[in-house]
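In what follows, a single structure is set out as structure tokens and then discussed.
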Amino acid sequence: MKKEIRARQFMYVQDLNHLSVKESDFKQILNQSGAMEWAYIKHDKDPKKDQEGKIIRPHIHAVLKYENPQKLSTIANLFNDQAQYVDVWKGRIANAYSYLLHETEEAREQGKHVYKDTEVVASFDFPARMKNIRTKISKSPKYISSLINQYAEGKIQYQELEDQIGISQLARRKKLIDQIDELKADKEHKEWLKKFEGKPMHTLWLYGEAGVGKTRYAEYLLRKKKYVILGSSRDYFQTYNGEHFIILNDLRPNDFNYSDLLRILDPYQHDKAAPSRYRDKKLSVEEIIITTPYSPKDFYRTTKIDDRQVDTVDQLLRRIQPIHVTPKFIKRRLKIKRPKHTDQDNA
């Protein structure tokens, strides 16, 4: 007769509709189990199917830790169930508790729902234990590498990565993360180029006196879009991260080399980059709104240009739709539809 397996750590898993005991009795059952410590949770917020297409039904996970080895059948009998629904937990008990919340690397990779500490019922202070577990895990090189891989694959955002591993760990891996960002930006730019092929980029040139409301009007026009405001810096595109709508705020002559500005504003040349301090930024832009105190012609006259017979003002005018912004214009326009790109309004 085959000797039954004995162990000190177990996980019991069963669908809610197949439980042989009442869910409300779980705490009492576990209190009387003789375990040194225990914890359980109901998983009812997971995706309906896993990555292989198998149905995921609402179910319960229970973790039990004993001082002395126990039989699988003993654990199964606690729940009036069969031993096949009980697994020996061979790893650290901390990993089992992390799995109850789906905070393990495997659970993250499978896109499972992450549960809250307070959803776990335990024989000890579960949130306090998880706080200690997370502190130890956050210092693990393997854990940090896993999170960086998830960031590279787009499964988590930069802010989540920073929250998980901290600024000091980010700084140590800055070169790697910069390389990931550059590769991700190139990939996203190539995908956008295919989608936007054959479509023109539009540029509005809002000019008028300081304080008249040019930036406010630009933000009003893009209020339903995801946009970025760039300006007030020697490095205009330092904070650009692939946004399709840009406000170049308070543009002044010589903020850009004139030829660079013409290239950025070219309506049909989409595979282009903007000059930036550390590396040029690939632009995936569908619309640019420029705010400036200068009319296009005044801007051209004031800009330093080596050869005005080659780099003419007409090259700029062909790329933009100038709009003179006045107090009267702002009062009249802020609450009505945006102007068509073919119109020129010098009100």
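Labels used: A, B, ... for chains in the order of the structure tokens, numbers from 1 for residues in each chain, and numbers from 1 for ligands as shown.
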### Query
Which residues, written as a PyMOL selection string, have at least one atom at most 10 Å from A:Ala274, with only C-alpha atoms counted and residues fewer than 3 positions away on the same chain left out?
chain A and resi 236-238+240+256+260-261+263-264+279-283
If you run DSSP on the backbone here, which positions in stretch 48-182 of chain A get helix (DSSP H, G or I)? Please write them as a PDB file with C-alpha atoms, in the first residue's frame.
ATOM      1  CA  LEU A  72      -3.556  15.187   2.702  1.00  0.00           C
ATOM      2  CA  SER A  73      -6.641  13.201   3.641  1.00  0.00           C
ATOM      3  CA  THR A  74      -6.703  14.854   7.071  1.00  0.00           C
ATOM      4  CA  ILE A  75      -6.858  18.303   5.485  1.00  0.00           C
ATOM      5  CA  ALA A  76      -9.476  17.191   2.959  1.00  0.00           C
ATOM      6  CA  ASN A  77     -11.645  15.725   5.742  1.00  0.00           C
ATOM      7  CA  LEU A  78     -11.770  19.136   7.430  1.00  0.00           C
ATOM      8  CA  ALA A  83      -7.677  14.799  -1.170  1.00  0.00           C
ATOM      9  CA  GLN A  84      -7.350  15.784  -4.851  1.00  0.00           C
ATOM     10  CA  TYR A  85      -8.471  19.294  -3.917  1.00  0.00           C
ATOM     11  CA  ILE A  93       4.418  30.273   3.290  1.00  0.00           C
ATOM     12  CA  ALA A  94       4.875  33.952   2.424  1.00  0.00           C
ATOM     13  CA  ASN A  95       4.432  33.048  -1.263  1.00  0.00           C
ATOM     14  CA  ALA A  96       1.180  31.261  -0.443  1.00  0.00           C
ATOM     15  CA  TYR A  97      -0.165  34.344   1.308  1.00  0.00           C
ATOM     16  CA  SER A  98       0.931  36.520  -1.618  1.00  0.00           C
ATOM     17  CA  TYR A  99      -0.905  34.174  -3.972  1.00  0.00           C
ATOM     18  CA  LEU A 100      -4.140  34.622  -2.018  1.00  0.00           C
ATOM     19  CA  GLU A 105       4.838  36.945 -10.425  1.00  0.00           C
ATOM     20  CA  GLU A 106       2.905  34.090 -12.048  1.00  0.00           C
ATOM     21  CA  ALA A 107      -0.480  35.588 -11.143  1.00  0.00           C
ATOM     22  CA  ARG A 108       0.555  38.993 -12.508  1.00  0.00           C
ATOM     23  CA  GLU A 109       1.733  37.478 -15.783  1.00  0.00           C
ATOM     24  CA  ASP A 117      -5.563  42.510   2.228  1.00  0.00           C
ATOM     25  CA  THR A 118      -8.919  43.086   3.896  1.00  0.00           C
ATOM     26  CA  GLU A 119     -10.605  40.415   1.749  1.00  0.00           C
ATOM     27  CA  PHE A 126      -2.913  39.468   7.610  1.00  0.00           C
ATOM     28  CA  PRO A 127      -2.382  43.092   6.427  1.00  0.00           C
ATOM     29  CA  ALA A 128       0.577  43.477   8.818  1.00  0.00           C
ATOM     30  CA  ARG A 129       2.098  40.196   7.622  1.00  0.00           C
ATOM     31  CA  MET A 130       1.699  41.231   3.979  1.00  0.00           C
ATOM     32  CA  LYS A 131       3.361  44.564   4.710  1.00  0.00           C
ATOM     33  CA  ASN A 132       6.434  42.700   5.971  1.00  0.00           C
ATOM     34  CA  ILE A 133       6.328  40.268   3.049  1.00  0.00           C
ATOM     35  CA  ARG A 134       6.146  43.087   0.508  1.00  0.00           C
ATOM     36  CA  THR A 135       9.058  44.891   2.152  1.00  0.00           C
ATOM     37  CA  LYS A 136      11.257  41.804   1.794  1.00  0.00           C
ATOM     38  CA  ILE A 137      10.052  41.064  -1.749  1.00  0.00           C
ATOM     39  CA  SER A 138      10.653  44.645  -2.922  1.00  0.00           C
ATOM     40  CA  PRO A 141      16.550  41.401  -7.557  1.00  0.00           C
ATOM     41  CA  LYS A 142      14.312  38.730  -9.110  1.00  0.00           C
ATOM     42  CA  TYR A 143      11.176  40.654  -8.136  1.00  0.00           C
ATOM     43  CA  ILE A 144      12.560  43.935  -9.470  1.00  0.00           C
ATOM     44  CA  SER A 145      13.555  42.270 -12.764  1.00  0.00           C
ATOM     45  CA  SER A 146      10.064  40.808 -13.034  1.00  0.00           C
ATOM     46  CA  LEU A 147       8.454  44.232 -12.642  1.00  0.00           C
ATOM     47  CA  ILE A 148      10.801  45.794 -15.178  1.00  0.00           C
ATOM     48  CA  ASN A 149       9.856  43.010 -17.632  1.00  0.00           C
ATOM     49  CA  GLN A 150       6.179  43.767 -17.029  1.00  0.00           C
ATOM     50  CA  TYR A 151       6.849  47.443 -17.684  1.00  0.00           C
ATOM     51  CA  ALA A 152       8.670  46.573 -20.908  1.00  0.00           C
ATOM     52  CA  TYR A 158       5.880  53.784 -15.172  1.00  0.00           C
ATOM     53  CA  GLN A 159       4.213  55.192 -12.039  1.00  0.00           C
ATOM     54  CA  GLU A 160       3.277  51.689 -10.873  1.00  0.00           C
ATOM     55  CA  LEU A 161       6.850  50.539 -11.450  1.00  0.00           C
ATOM     56  CA  GLU A 162       8.130  53.473  -9.394  1.00  0.00           C
ATOM     57  CA  ASP A 163       5.610  52.783  -6.614  1.00  0.00           C
ATOM     58  CA  GLN A 164       6.636  49.127  -6.450  1.00  0.00           C
ATOM     59  CA  ILE A 165      10.434  49.367  -6.496  1.00  0.00           C
ATOM     60  CA  GLY A 166      11.102  52.940  -5.367  1.00  0.00           C
ATOM     61  CA  ILE A 167      13.103  55.804  -6.821  1.00  0.00           C
ATOM     62  CA  SER A 168      16.496  54.504  -5.683  1.00  0.00           C
ATOM     63  CA  GLN A 169      16.023  51.195  -7.521  1.00  0.00           C
ATOM     64  CA  LEU A 170      14.813  53.086 -10.598  1.00  0.00           C
ATOM     65  CA  ALA A 171      17.953  55.215 -10.502  1.00  0.00           C
ATOM     66  CA  ARG A 172      20.175  52.124 -10.381  1.00  0.00           C
ATOM     67  CA  LYS A 174      18.023  54.091 -15.295  1.00  0.00           C
ATOM     68  CA  LYS A 175      20.071  53.064 -18.339  1.00  0.00           C
ATOM     69  CA  LEU A 176      18.019  49.891 -18.838  1.00  0.00           C
ATOM     70  CA  ILE A 177      14.704  51.682 -18.347  1.00  0.00           C
ATOM     71  CA  ASP A 178      15.761  54.448 -20.759  1.00  0.00           C
ATOM     72  CA  GLN A 179      16.571  51.784 -23.360  1.00  0.00           C
ATOM     73  CA  ILE A 180      13.174  50.166 -22.782  1.00  0.00           C
ATOM     74  CA  ASP A 181      11.442  53.543 -23.144  1.00  0.00           C
ATOM     75  CA  GLU A 182      13.290  54.227 -26.387  1.00  0.00           C
TER      76      GLU A 182
END
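Between atom CA of A:Asp15 and atom CA of A:Lys27 there is a distance of 17.1 Å.
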### Task
Go ahead and compute the interatomic distance for atom CA of A:Val313 and atom CA of A:Phe299, in Å to one decimal.
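Those two atoms sit 9.2 Å apart.
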### Query
For the atom pair atom CA of A:Lys112 and atom CA of A:Ser24, what is the interatomic distance in Å to one decimal place?
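Taking atom CA of A:Lys112 as the start and atom CA of A:Ser24 as the end point, the length is 25.1 Å.
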### Query
Near A:Arg234, counting only C-alpha atoms, which residues have an atom at most 12 Å away, once you skip same-chain residues fewer than 4 positions from it, shown as a list in words?
Leu230, Gln238, Thr239, Leu251, Arg252, Asn254, Asp255, Phe256, Pro275, Ser276 and Arg277 of chain A
### Task
Tell me which of A:Gln9, A:Ser295, A:Asn17, A:Gln51 sits closest to A:Gly91, counting only C-alpha atoms.
A:Gln9
### Query
Residues at most 6 Å from A:Tyr40, counting only C-alpha atoms, excluding those fewer than 4 positions away in the same chain, as a VMD selection string?
chain A and resid 61 to 62 120 to 121
